[in-house]
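**Q** Please find one structure pasted underneath; my questions will follow.
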Amino acid sequence: MAEAALISVIIPVYNGEEFIAEAIASVRAQAYTPLELIVVDDGSTDRTVQVVQALGAEIRYIYQPNQGPAAARNHGLALAQGSLIAFLDADDLWPADKLAHQVACLTADEQVQVVWGHTQFCAYRADTVPAVMPALNRFPLLGSLLCRRSVFQQVGLFEPTLRLGEDLDWLRRLTATNLPVQLSPHLALLYRMRPGSLTYGLPLQEQGWFAIVRQALKQRRAAAGGVT
């Protein structure tokens, strides 16, 4: 990585007119370049397309019929040109040094395939800036990661049958590969707890976990030659 590697940043969005501009602004504010910004609109019915297109022609905006976030992320991966890949949900934010710190980790050790950092959960309020909560979380969330493109050859794509928890399913499969992963000590993601989002509220979280467990059991049975 003697030359600065291109990072493809993939943002899936569904009806995100209220917050997509802030997410894009946090990508544009990154201390690291070059970046390729891909926004995959998963069938929005609001003004998401108008908001994104007003932000500049350098943003690659793609519309697809609603298929869920896994399909949207896979679509973005198919279009990505970068050797490094990062994902950001449309209602979350990155600190300005997120990518710079993580690229430094990958550059320092070519064996490392994935770098993830700390997440800070934020109280989302539509009428103000997020009110940041003090606690940091070390659990790897997809938006806190930066990985080499080659990782997807071993881990695979996101499971499109999972409408919820597809990111946790992918992280589970990443762990199973035993690829070298490194934790950066820096803050990497501001995760906004937004009422109405897929991950807001325990019942939906439980549904996501159950879907992941079912998928894992199905894969185990298939590998063992059993009935799926």
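Here's how to read the names in the structure tokens: chain A, B, ... by the order shown, residue numbers from 1 in each chain, ligand numbers from 1 in the order shown.
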When DSSP is applied to the backbone of this structure, which of segment 37-75 of chain A are assigned strand (DSSP E or B)? Write them out as a list in words.
**A**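 Of segment 37-75 of chain A, the ones in strand (DSSP E or B) are Leu37, Ile38, Val39, Val40, Asp41, Asp42, Arg60, Tyr61, Ile62, Tyr63 and Gln64 of chain A.
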**Q** Taking N, CA and C atoms for each residue, export the selection above as an mmCIF file, in the first residue's frame.
**A**
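The resulting file, selection.cif, is shown below:
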```
data_model
loop_
_atom_site.group_PDB
_atom_site.id
_atom_site.type_symbol
_atom_site.label_atom_id
_atom_site.label_comp_id
_atom_site.auth_asym_id
_atom_site.auth_seq_id
_atom_site.Cartn_x
_atom_site.Cartn_y
_atom_site.Cartn_z
ATOM 1 N N LEU A 37 -17.714 7.219 -2.926
ATOM 2 C CA LEU A 37 -18.933 7.190 -2.123
ATOM 3 C C LEU A 37 -20.087 6.645 -2.952
ATOM 4 N N ILE A 38 -20.623 5.499 -2.511
ATOM 5 C CA ILE A 38 -21.714 4.822 -3.209
ATOM 6 C C ILE A 38 -22.934 4.793 -2.296
ATOM 7 N N VAL A 39 -24.029 5.385 -2.737
ATOM 8 C CA VAL A 39 -25.290 5.368 -1.992
ATOM 9 C C VAL A 39 -26.258 4.459 -2.740
ATOM 10 N N VAL A 40 -26.688 3.392 -2.080
ATOM 11 C CA VAL A 40 -27.647 2.462 -2.684
ATOM 12 C C VAL A 40 -29.005 2.681 -2.030
ATOM 13 N N ASP A 41 -29.931 3.218 -2.799
ATOM 14 C CA ASP A 41 -31.273 3.525 -2.326
ATOM 15 C C ASP A 41 -32.151 2.286 -2.490
ATOM 16 N N ASP A 42 -32.579 1.729 -1.357
ATOM 17 C CA ASP A 42 -33.324 0.476 -1.360
ATOM 18 C C ASP A 42 -34.829 0.735 -1.436
ATOM 19 N N ARG A 60 -22.034 8.481 -6.143
ATOM 20 C CA ARG A 60 -22.642 7.503 -7.041
ATOM 21 C C ARG A 60 -23.939 7.010 -6.409
ATOM 22 N N TYR A 61 -25.046 7.438 -6.958
ATOM 23 C CA TYR A 61 -26.361 7.104 -6.413
ATOM 24 C C TYR A 61 -26.991 6.024 -7.285
ATOM 25 N N ILE A 62 -27.437 4.949 -6.653
ATOM 26 C CA ILE A 62 -28.078 3.840 -7.362
ATOM 27 C C ILE A 62 -29.390 3.527 -6.668
ATOM 28 N N TYR A 63 -30.440 3.386 -7.444
ATOM 29 C CA TYR A 63 -31.750 3.018 -6.921
ATOM 30 C C TYR A 63 -32.024 1.564 -7.255
ATOM 31 N N GLN A 64 -32.606 0.833 -6.301
ATOM 32 C CA GLN A 64 -33.053 -0.526 -6.549
ATOM 33 C C GLN A 64 -34.415 -0.722 -5.887
#
```
**Q** Restricting the calculation to only C-alpha atoms: of A:Ala108, A:Val9, A:Leu55, A:Ala100, which residue gets closest to Leu84 of chain A?
**A**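 Nearest candidate to Leu84 of chain A out of A:Ala108, A:Val9, A:Leu55, A:Ala100: A:Val9.
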**Q** May I have the residues within 10 Å of segment 145-148 of chain A as a PDB file with all heavy atoms, in the first residue's frame, using only C-alpha atoms and disregarding those fewer than 3 positions away in the same chain?
**A**
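The resulting file, part.pdb, is shown below:
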```
ATOM      1  N   ILE A   7     -10.689   3.884  -0.970  1.00  0.00           N
ATOM      2  CA  ILE A   7     -11.688   3.282  -0.096  1.00  0.00           C
ATOM      3  C   ILE A   7     -13.066   3.500  -0.705  1.00  0.00           C
ATOM      4  O   ILE A   7     -13.456   4.633  -1.002  1.00  0.00           O
ATOM      5  CB  ILE A   7     -11.667   3.892   1.319  1.00  0.00           C
ATOM      6  CG1 ILE A   7     -10.314   3.661   1.980  1.00  0.00           C
ATOM      7  CG2 ILE A   7     -12.790   3.291   2.180  1.00  0.00           C
ATOM      8  CD1 ILE A   7     -10.203   4.278   3.367  1.00  0.00           C
ATOM      9  N   SER A   8     -13.792   2.413  -0.904  1.00  0.00           N
ATOM     10  CA  SER A   8     -15.183   2.503  -1.338  1.00  0.00           C
ATOM     11  C   SER A   8     -16.073   2.516  -0.097  1.00  0.00           C
ATOM     12  O   SER A   8     -16.056   1.576   0.697  1.00  0.00           O
ATOM     13  CB  SER A   8     -15.554   1.317  -2.232  1.00  0.00           C
ATOM     14  OG  SER A   8     -14.835   1.368  -3.446  1.00  0.00           O
ATOM     15  N   VAL A   9     -16.810   3.595   0.078  1.00  0.00           N
ATOM     16  CA  VAL A   9     -17.725   3.748   1.211  1.00  0.00           C
ATOM     17  C   VAL A   9     -19.138   3.498   0.699  1.00  0.00           C
ATOM     18  O   VAL A   9     -19.614   4.197  -0.201  1.00  0.00           O
ATOM     19  CB  VAL A   9     -17.624   5.157   1.817  1.00  0.00           C
ATOM     20  CG1 VAL A   9     -18.603   5.295   2.980  1.00  0.00           C
ATOM     21  CG2 VAL A   9     -16.195   5.439   2.272  1.00  0.00           C
ATOM     22  N   GLY A  82     -12.809   0.268  -5.017  1.00  0.00           N
ATOM     23  CA  GLY A  82     -11.712   0.378  -4.069  1.00  0.00           C
ATOM     24  C   GLY A  82     -11.158  -0.955  -3.607  1.00  0.00           C
ATOM     25  O   GLY A  82     -11.856  -1.971  -3.607  1.00  0.00           O
ATOM     26  N   SER A  83      -9.899  -0.943  -3.190  1.00  0.00           N
ATOM     27  CA  SER A  83      -9.285  -2.140  -2.596  1.00  0.00           C
ATOM     28  C   SER A  83      -9.617  -2.258  -1.120  1.00  0.00           C
ATOM     29  O   SER A  83      -9.379  -3.303  -0.507  1.00  0.00           O
ATOM     30  CB  SER A  83      -7.768  -2.096  -2.785  1.00  0.00           C
ATOM     31  OG  SER A  83      -7.209  -0.949  -2.158  1.00  0.00           O
ATOM     32  N   LEU A  84     -10.170  -1.195  -0.546  1.00  0.00           N
ATOM     33  CA  LEU A  84     -10.628  -1.193   0.839  1.00  0.00           C
ATOM     34  C   LEU A  84     -12.110  -0.840   0.856  1.00  0.00           C
ATOM     35  O   LEU A  84     -12.569  -0.027   0.046  1.00  0.00           O
ATOM     36  CB  LEU A  84      -9.840  -0.188   1.684  1.00  0.00           C
ATOM     37  CG  LEU A  84      -8.321  -0.384   1.748  1.00  0.00           C
ATOM     38  CD1 LEU A  84      -7.679   0.721   2.567  1.00  0.00           C
ATOM     39  CD2 LEU A  84      -7.962  -1.752   2.320  1.00  0.00           C
ATOM     40  N   ILE A  85     -12.835  -1.456   1.778  1.00  0.00           N
ATOM     41  CA  ILE A  85     -14.301  -1.304   1.829  1.00  0.00           C
ATOM     42  C   ILE A  85     -14.730  -0.867   3.230  1.00  0.00           C
ATOM     43  O   ILE A  85     -14.253  -1.404   4.234  1.00  0.00           O
ATOM     44  CB  ILE A  85     -15.007  -2.634   1.481  1.00  0.00           C
ATOM     45  CG1 ILE A  85     -14.571  -3.155   0.099  1.00  0.00           C
ATOM     46  CG2 ILE A  85     -16.529  -2.459   1.567  1.00  0.00           C
ATOM     47  CD1 ILE A  85     -15.039  -2.315  -1.057  1.00  0.00           C
ATOM     48  N   ALA A  86     -15.647   0.093   3.258  1.00  0.00           N
ATOM     49  CA  ALA A  86     -16.252   0.516   4.524  1.00  0.00           C
ATOM     50  C   ALA A  86     -17.743   0.731   4.303  1.00  0.00           C
ATOM     51  O   ALA A  86     -18.174   1.091   3.199  1.00  0.00           O
ATOM     52  CB  ALA A  86     -15.599   1.798   5.039  1.00  0.00           C
ATOM     53  N   PHE A  87     -18.515   0.502   5.354  1.00  0.00           N
ATOM     54  CA  PHE A  87     -19.967   0.687   5.306  1.00  0.00           C
ATOM     55  C   PHE A  87     -20.381   1.700   6.367  1.00  0.00           C
ATOM     56  O   PHE A  87     -19.803   1.750   7.453  1.00  0.00           O
ATOM     57  CB  PHE A  87     -20.700  -0.631   5.581  1.00  0.00           C
ATOM     58  CG  PHE A  87     -20.439  -1.704   4.558  1.00  0.00           C
ATOM     59  CD1 PHE A  87     -19.435  -2.638   4.766  1.00  0.00           C
ATOM     60  CD2 PHE A  87     -21.191  -1.777   3.398  1.00  0.00           C
ATOM     61  CE1 PHE A  87     -19.183  -3.627   3.834  1.00  0.00           C
ATOM     62  CE2 PHE A  87     -20.950  -2.767   2.456  1.00  0.00           C
ATOM     63  CZ  PHE A  87     -19.943  -3.691   2.671  1.00  0.00           C
ATOM     64  N   LEU A  88     -21.389   2.488   6.026  1.00  0.00           N
ATOM     65  CA  LEU A  88     -21.964   3.416   6.988  1.00  0.00           C
ATOM     66  C   LEU A  88     -23.469   3.418   6.793  1.00  0.00           C
ATOM     67  O   LEU A  88     -23.958   3.613   5.675  1.00  0.00           O
ATOM     68  CB  LEU A  88     -21.413   4.827   6.780  1.00  0.00           C
ATOM     69  CG  LEU A  88     -21.963   5.917   7.715  1.00  0.00           C
ATOM     70  CD1 LEU A  88     -21.581   5.625   9.165  1.00  0.00           C
ATOM     71  CD2 LEU A  88     -21.453   7.292   7.299  1.00  0.00           C
ATOM     72  N   LYS A  98     -11.659   8.628  11.497  1.00  0.00           N
ATOM     73  CA  LYS A  98     -11.970   7.199  11.520  1.00  0.00           C
ATOM     74  C   LYS A  98     -11.142   6.425  10.490  1.00  0.00           C
ATOM     75  O   LYS A  98     -10.436   5.465  10.810  1.00  0.00           O
ATOM     76  CB  LYS A  98     -13.461   7.003  11.275  1.00  0.00           C
ATOM     77  CG  LYS A  98     -13.948   5.561  11.419  1.00  0.00           C
ATOM     78  CD  LYS A  98     -14.135   4.847  10.123  1.00  0.00           C
ATOM     79  CE  LYS A  98     -14.896   3.540  10.366  1.00  0.00           C
ATOM     80  NZ  LYS A  98     -14.805   2.601   9.225  1.00  0.00           N
ATOM     81  N   LEU A  99     -11.241   6.808   9.238  1.00  0.00           N
ATOM     82  CA  LEU A  99     -10.568   6.057   8.178  1.00  0.00           C
ATOM     83  C   LEU A  99      -9.056   6.217   8.243  1.00  0.00           C
ATOM     84  O   LEU A  99      -8.317   5.260   7.968  1.00  0.00           O
ATOM     85  CB  LEU A  99     -11.095   6.501   6.810  1.00  0.00           C
ATOM     86  CG  LEU A  99     -12.560   6.162   6.517  1.00  0.00           C
ATOM     87  CD1 LEU A  99     -12.970   6.686   5.146  1.00  0.00           C
ATOM     88  CD2 LEU A  99     -12.802   4.650   6.591  1.00  0.00           C
ATOM     89  N   GLN A 102      -7.652   3.799  10.753  1.00  0.00           N
ATOM     90  CA  GLN A 102      -7.782   2.398  10.371  1.00  0.00           C
ATOM     91  C   GLN A 102      -6.901   2.038   9.188  1.00  0.00           C
ATOM     92  O   GLN A 102      -6.360   0.929   9.126  1.00  0.00           O
ATOM     93  CB  GLN A 102      -9.255   2.085  10.112  1.00  0.00           C
ATOM     94  CG  GLN A 102     -10.083   2.209  11.387  1.00  0.00           C
ATOM     95  CD  GLN A 102     -11.524   1.802  11.221  1.00  0.00           C
ATOM     96  OE1 GLN A 102     -12.102   1.929  10.142  1.00  0.00           O
ATOM     97  NE2 GLN A 102     -12.126   1.312  12.280  1.00  0.00           N
ATOM     98  N   VAL A 103      -6.734   2.944   8.248  1.00  0.00           N
ATOM     99  CA  VAL A 103      -5.797   2.699   7.153  1.00  0.00           C
ATOM    100  C   VAL A 103      -4.382   2.563   7.699  1.00  0.00           C
ATOM    101  O   VAL A 103      -3.600   1.718   7.238  1.00  0.00           O
ATOM    102  CB  VAL A 103      -5.866   3.828   6.105  1.00  0.00           C
ATOM    103  CG1 VAL A 103      -4.707   3.726   5.119  1.00  0.00           C
ATOM    104  CG2 VAL A 103      -7.177   3.763   5.344  1.00  0.00           C
ATOM    105  N   CYS A 105      -3.509   1.298  10.485  1.00  0.00           N
ATOM    106  CA  CYS A 105      -3.390  -0.067  11.035  1.00  0.00           C
ATOM    107  C   CYS A 105      -3.137  -1.083   9.934  1.00  0.00           C
ATOM    108  O   CYS A 105      -2.292  -1.980  10.074  1.00  0.00           O
ATOM    109  CB  CYS A 105      -4.653  -0.429  11.806  1.00  0.00           C
ATOM    110  SG  CYS A 105      -4.921   0.510  13.320  1.00  0.00           S
ATOM    111  N   LEU A 106      -3.881  -0.975   8.836  1.00  0.00           N
ATOM    112  CA  LEU A 106      -3.703  -1.910   7.727  1.00  0.00           C
ATOM    113  C   LEU A 106      -2.349  -1.739   7.062  1.00  0.00           C
ATOM    114  O   LEU A 106      -1.734  -2.710   6.607  1.00  0.00           O
ATOM    115  CB  LEU A 106      -4.818  -1.712   6.693  1.00  0.00           C
ATOM    116  CG  LEU A 106      -6.235  -2.082   7.137  1.00  0.00           C
ATOM    117  CD1 LEU A 106      -7.241  -1.739   6.044  1.00  0.00           C
ATOM    118  CD2 LEU A 106      -6.325  -3.559   7.492  1.00  0.00           C
ATOM    119  N   VAL A 112      -3.040  -8.039   8.603  1.00  0.00           N
ATOM    120  CA  VAL A 112      -4.351  -7.657   9.139  1.00  0.00           C
ATOM    121  C   VAL A 112      -5.318  -7.439   7.983  1.00  0.00           C
ATOM    122  O   VAL A 112      -5.013  -6.726   7.023  1.00  0.00           O
ATOM    123  CB  VAL A 112      -4.238  -6.390  10.005  1.00  0.00           C
ATOM    124  CG1 VAL A 112      -5.628  -5.920  10.434  1.00  0.00           C
ATOM    125  CG2 VAL A 112      -3.374  -6.664  11.230  1.00  0.00           C
ATOM    126  N   GLN A 113      -6.483  -8.045   8.073  1.00  0.00           N
ATOM    127  CA  GLN A 113      -7.477  -7.957   7.008  1.00  0.00           C
ATOM    128  C   GLN A 113      -8.639  -7.026   7.356  1.00  0.00           C
ATOM    129  O   GLN A 113      -9.265  -6.459   6.470  1.00  0.00           O
ATOM    130  CB  GLN A 113      -8.038  -9.360   6.714  1.00  0.00           C
ATOM    131  CG  GLN A 113      -6.986 -10.352   6.254  1.00  0.00           C
ATOM    132  CD  GLN A 113      -6.340  -9.924   4.949  1.00  0.00           C
ATOM    133  OE1 GLN A 113      -7.015  -9.740   3.941  1.00  0.00           O
ATOM    134  NE2 GLN A 113      -5.028  -9.755   4.963  1.00  0.00           N
ATOM    135  N   VAL A 114      -8.928  -6.894   8.635  1.00  0.00           N
ATOM    136  CA  VAL A 114     -10.060  -6.081   9.085  1.00  0.00           C
ATOM    137  C   VAL A 114      -9.628  -5.282  10.304  1.00  0.00           C
ATOM    138  O   VAL A 114      -8.970  -5.813  11.201  1.00  0.00           O
ATOM    139  CB  VAL A 114     -11.278  -6.957   9.458  1.00  0.00           C
ATOM    140  CG1 VAL A 114     -12.448  -6.084   9.913  1.00  0.00           C
ATOM    141  CG2 VAL A 114     -11.686  -7.847   8.292  1.00  0.00           C
ATOM    142  N   VAL A 115     -10.000  -4.008  10.327  1.00  0.00           N
ATOM    143  CA  VAL A 115      -9.769  -3.161  11.491  1.00  0.00           C
ATOM    144  C   VAL A 115     -11.123  -2.637  11.953  1.00  0.00           C
ATOM    145  O   VAL A 115     -11.924  -2.186  11.135  1.00  0.00           O
ATOM    146  CB  VAL A 115      -8.841  -1.973  11.175  1.00  0.00           C
ATOM    147  CG1 VAL A 115      -8.656  -1.098  12.415  1.00  0.00           C
ATOM    148  CG2 VAL A 115      -7.497  -2.459  10.664  1.00  0.00           C
ATOM    149  N   TRP A 116     -11.379  -2.713  13.241  1.00  0.00           N
ATOM    150  CA  TRP A 116     -12.597  -2.128  13.767  1.00  0.00           C
ATOM    151  C   TRP A 116     -12.259  -1.282  14.977  1.00  0.00           C
ATOM    152  O   TRP A 116     -11.203  -1.448  15.583  1.00  0.00           O
ATOM    153  CB  TRP A 116     -13.651  -3.185  14.100  1.00  0.00           C
ATOM    154  CG  TRP A 116     -13.239  -4.261  15.051  1.00  0.00           C
ATOM    155  CD1 TRP A 116     -12.499  -5.368  14.770  1.00  0.00           C
ATOM    156  CD2 TRP A 116     -13.563  -4.364  16.434  1.00  0.00           C
ATOM    157  NE1 TRP A 116     -12.347  -6.144  15.885  1.00  0.00           N
ATOM    158  CE2 TRP A 116     -12.985  -5.552  16.920  1.00  0.00           C
ATOM    159  CE3 TRP A 116     -14.298  -3.566  17.308  1.00  0.00           C
ATOM    160  CZ2 TRP A 116     -13.104  -5.960  18.243  1.00  0.00           C
ATOM    161  CZ3 TRP A 116     -14.426  -3.963  18.632  1.00  0.00           C
ATOM    162  CH2 TRP A 116     -13.839  -5.162  19.081  1.00  0.00           C
ATOM    163  N   GLY A 117     -13.132  -0.340  15.281  1.00  0.00           N
ATOM    164  CA  GLY A 117     -12.863   0.589  16.370  1.00  0.00           C
ATOM    165  C   GLY A 117     -14.038   0.693  17.322  1.00  0.00           C
ATOM    166  O   GLY A 117     -15.024  -0.030  17.216  1.00  0.00           O
ATOM    167  N   HIS A 118     -13.926   1.597  18.254  1.00  0.00           N
ATOM    168  CA  HIS A 118     -14.954   1.781  19.273  1.00  0.00           C
ATOM    169  C   HIS A 118     -16.189   2.462  18.686  1.00  0.00           C
ATOM    170  O   HIS A 118     -16.109   3.240  17.733  1.00  0.00           O
ATOM    171  CB  HIS A 118     -14.410   2.622  20.421  1.00  0.00           C
ATOM    172  CG  HIS A 118     -13.323   1.939  21.195  1.00  0.00           C
ATOM    173  ND1 HIS A 118     -13.575   0.992  22.162  1.00  0.00           N
ATOM    174  CD2 HIS A 118     -11.971   2.047  21.125  1.00  0.00           C
ATOM    175  CE1 HIS A 118     -12.438   0.562  22.680  1.00  0.00           C
ATOM    176  NE2 HIS A 118     -11.448   1.186  22.065  1.00  0.00           N
ATOM    177  N   PRO A 140     -17.939  -5.115  17.811  1.00  0.00           N
ATOM    178  CA  PRO A 140     -17.738  -4.704  16.417  1.00  0.00           C
ATOM    179  C   PRO A 140     -19.054  -4.511  15.672  1.00  0.00           C
ATOM    180  O   PRO A 140     -19.786  -5.464  15.431  1.00  0.00           O
ATOM    181  CB  PRO A 140     -16.933  -5.871  15.823  1.00  0.00           C
ATOM    182  CG  PRO A 140     -17.278  -7.052  16.665  1.00  0.00           C
ATOM    183  CD  PRO A 140     -17.522  -6.501  18.047  1.00  0.00           C
ATOM    184  N   LEU A 141     -19.366  -3.299  15.326  1.00  0.00           N
ATOM    185  CA  LEU A 141     -20.504  -2.995  14.473  1.00  0.00           C
ATOM    186  C   LEU A 141     -19.986  -2.719  13.060  1.00  0.00           C
ATOM    187  O   LEU A 141     -18.866  -2.237  12.887  1.00  0.00           O
ATOM    188  CB  LEU A 141     -21.277  -1.790  15.001  1.00  0.00           C
ATOM    189  CG  LEU A 141     -21.915  -1.961  16.379  1.00  0.00           C
ATOM    190  CD1 LEU A 141     -22.641  -0.686  16.790  1.00  0.00           C
ATOM    191  CD2 LEU A 141     -22.864  -3.149  16.404  1.00  0.00           C
ATOM    192  N   LEU A 142     -20.808  -3.016  12.082  1.00  0.00           N
ATOM    193  CA  LEU A 142     -20.354  -2.947  10.700  1.00  0.00           C
ATOM    194  C   LEU A 142     -19.820  -1.563  10.343  1.00  0.00           C
ATOM    195  O   LEU A 142     -18.813  -1.442   9.637  1.00  0.00           O
ATOM    196  CB  LEU A 142     -21.500  -3.342   9.754  1.00  0.00           C
ATOM    197  CG  LEU A 142     -21.105  -3.576   8.297  1.00  0.00           C
ATOM    198  CD1 LEU A 142     -20.147  -4.742   8.177  1.00  0.00           C
ATOM    199  CD2 LEU A 142     -22.352  -3.818   7.457  1.00  0.00           C
ATOM    200  N   VAL A 151     -11.467  -9.755   1.653  1.00  0.00           N
ATOM    201  CA  VAL A 151     -12.148 -10.422   2.764  1.00  0.00           C
ATOM    202  C   VAL A 151     -13.452 -11.060   2.303  1.00  0.00           C
ATOM    203  O   VAL A 151     -13.833 -12.149   2.757  1.00  0.00           O
ATOM    204  CB  VAL A 151     -12.403  -9.415   3.911  1.00  0.00           C
ATOM    205  CG1 VAL A 151     -13.392  -9.978   4.930  1.00  0.00           C
ATOM    206  CG2 VAL A 151     -11.089  -9.062   4.591  1.00  0.00           C
ATOM    207  N   PHE A 152     -14.151 -10.417   1.368  1.00  0.00           N
ATOM    208  CA  PHE A 152     -15.442 -10.922   0.925  1.00  0.00           C
ATOM    209  C   PHE A 152     -15.316 -12.212   0.109  1.00  0.00           C
ATOM    210  O   PHE A 152     -16.291 -12.957  -0.015  1.00  0.00           O
ATOM    211  CB  PHE A 152     -16.184  -9.852   0.141  1.00  0.00           C
ATOM    212  CG  PHE A 152     -16.601  -8.695   1.003  1.00  0.00           C
ATOM    213  CD1 PHE A 152     -15.767  -7.597   1.166  1.00  0.00           C
ATOM    214  CD2 PHE A 152     -17.801  -8.719   1.700  1.00  0.00           C
ATOM    215  CE1 PHE A 152     -16.130  -6.540   1.981  1.00  0.00           C
ATOM    216  CE2 PHE A 152     -18.171  -7.677   2.524  1.00  0.00           C
ATOM    217  CZ  PHE A 152     -17.326  -6.576   2.668  1.00  0.00           C
ATOM    218  N   VAL A 181      -7.807  -9.919  12.510  1.00  0.00           N
ATOM    219  CA  VAL A 181      -8.618  -8.732  12.772  1.00  0.00           C
ATOM    220  C   VAL A 181      -7.967  -7.941  13.897  1.00  0.00           C
ATOM    221  O   VAL A 181      -7.453  -8.519  14.860  1.00  0.00           O
ATOM    222  CB  VAL A 181     -10.057  -9.128  13.172  1.00  0.00           C
ATOM    223  CG1 VAL A 181     -10.878  -7.890  13.524  1.00  0.00           C
ATOM    224  CG2 VAL A 181     -10.724  -9.914  12.052  1.00  0.00           C
ATOM    225  N   GLN A 182      -7.982  -6.632  13.765  1.00  0.00           N
ATOM    226  CA  GLN A 182      -7.340  -5.779  14.773  1.00  0.00           C
ATOM    227  C   GLN A 182      -8.319  -4.741  15.311  1.00  0.00           C
ATOM    228  O   GLN A 182      -9.098  -4.159  14.550  1.00  0.00           O
ATOM    229  CB  GLN A 182      -6.125  -5.063  14.174  1.00  0.00           C
ATOM    230  CG  GLN A 182      -5.376  -4.173  15.149  1.00  0.00           C
ATOM    231  CD  GLN A 182      -4.103  -3.602  14.558  1.00  0.00           C
ATOM    232  OE1 GLN A 182      -3.435  -4.256  13.761  1.00  0.00           O
ATOM    233  NE2 GLN A 182      -3.768  -2.383  14.932  1.00  0.00           N
ATOM    234  N   LEU A 183      -8.271  -4.529  16.618  1.00  0.00           N
ATOM    235  CA  LEU A 183      -9.065  -3.480  17.251  1.00  0.00           C
ATOM    236  C   LEU A 183      -8.226  -2.220  17.352  1.00  0.00           C
ATOM    237  O   LEU A 183      -7.150  -2.223  17.944  1.00  0.00           O
ATOM    238  CB  LEU A 183      -9.528  -3.911  18.642  1.00  0.00           C
ATOM    239  CG  LEU A 183     -10.141  -2.809  19.518  1.00  0.00           C
ATOM    240  CD1 LEU A 183     -11.426  -2.260  18.903  1.00  0.00           C
ATOM    241  CD2 LEU A 183     -10.397  -3.328  20.931  1.00  0.00           C
ATOM    242  N   SER A 184      -8.726  -1.145  16.765  1.00  0.00           N
ATOM    243  CA  SER A 184      -8.095   0.162  16.919  1.00  0.00           C
ATOM    244  C   SER A 184      -8.580   0.789  18.218  1.00  0.00           C
ATOM    245  O   SER A 184      -9.741   0.639  18.593  1.00  0.00           O
ATOM    246  CB  SER A 184      -8.463   1.056  15.727  1.00  0.00           C
ATOM    247  OG  SER A 184      -8.127   2.402  16.002  1.00  0.00           O
ATOM    248  N   ALA A 188     -14.634   5.001  16.237  1.00  0.00           N
ATOM    249  CA  ALA A 188     -14.815   4.758  14.807  1.00  0.00           C
ATOM    250  C   ALA A 188     -16.243   4.972  14.327  1.00  0.00           C
ATOM    251  O   ALA A 188     -16.474   5.022  13.118  1.00  0.00           O
ATOM    252  CB  ALA A 188     -14.366   3.343  14.457  1.00  0.00           C
ATOM    253  N   LEU A 189     -17.206   5.060  15.243  1.00  0.00           N
ATOM    254  CA  LEU A 189     -18.594   5.153  14.813  1.00  0.00           C
ATOM    255  C   LEU A 189     -19.435   5.860  15.862  1.00  0.00           C
ATOM    256  O   LEU A 189     -19.329   5.577  17.050  1.00  0.00           O
ATOM    257  CB  LEU A 189     -19.165   3.747  14.576  1.00  0.00           C
ATOM    258  CG  LEU A 189     -20.632   3.650  14.139  1.00  0.00           C
ATOM    259  CD1 LEU A 189     -20.838   4.257  12.756  1.00  0.00           C
ATOM    260  CD2 LEU A 189     -21.113   2.208  14.167  1.00  0.00           C
TER     261      LEU A 189
END
```
**Q** For atom CA of Gly56 of chain A and atom CA of Asp167 of chain A, quote the distance in Å rounded to one decimal.
**A** 28.4 Å
**Q** Using only C-alpha atoms, can you tell me which of A:Glu22, A:Gln50, A:Gln81, A:Pro185 comes closest to Asn137 of chain A?
**A**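 Between A:Glu22, A:Gln50, A:Gln81, A:Pro185, the residue approaching Asn137 of chain A most closely is A:Pro185.
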**Q** Let's see if you can do this: from backbone DSSP, list all alpha helix (DSSP H) residues in segment 25-101 of chain A, as a VMD selection string.
**A** chain A and resid 25 to 28 48 to 53 69 to 79 98 to 101
**Q** Please, what distance in Å, to one decimal, runs between atom CA of Ile11 of chain A and atom CA of Leu179 of chain A?
**A** 24.4 Å
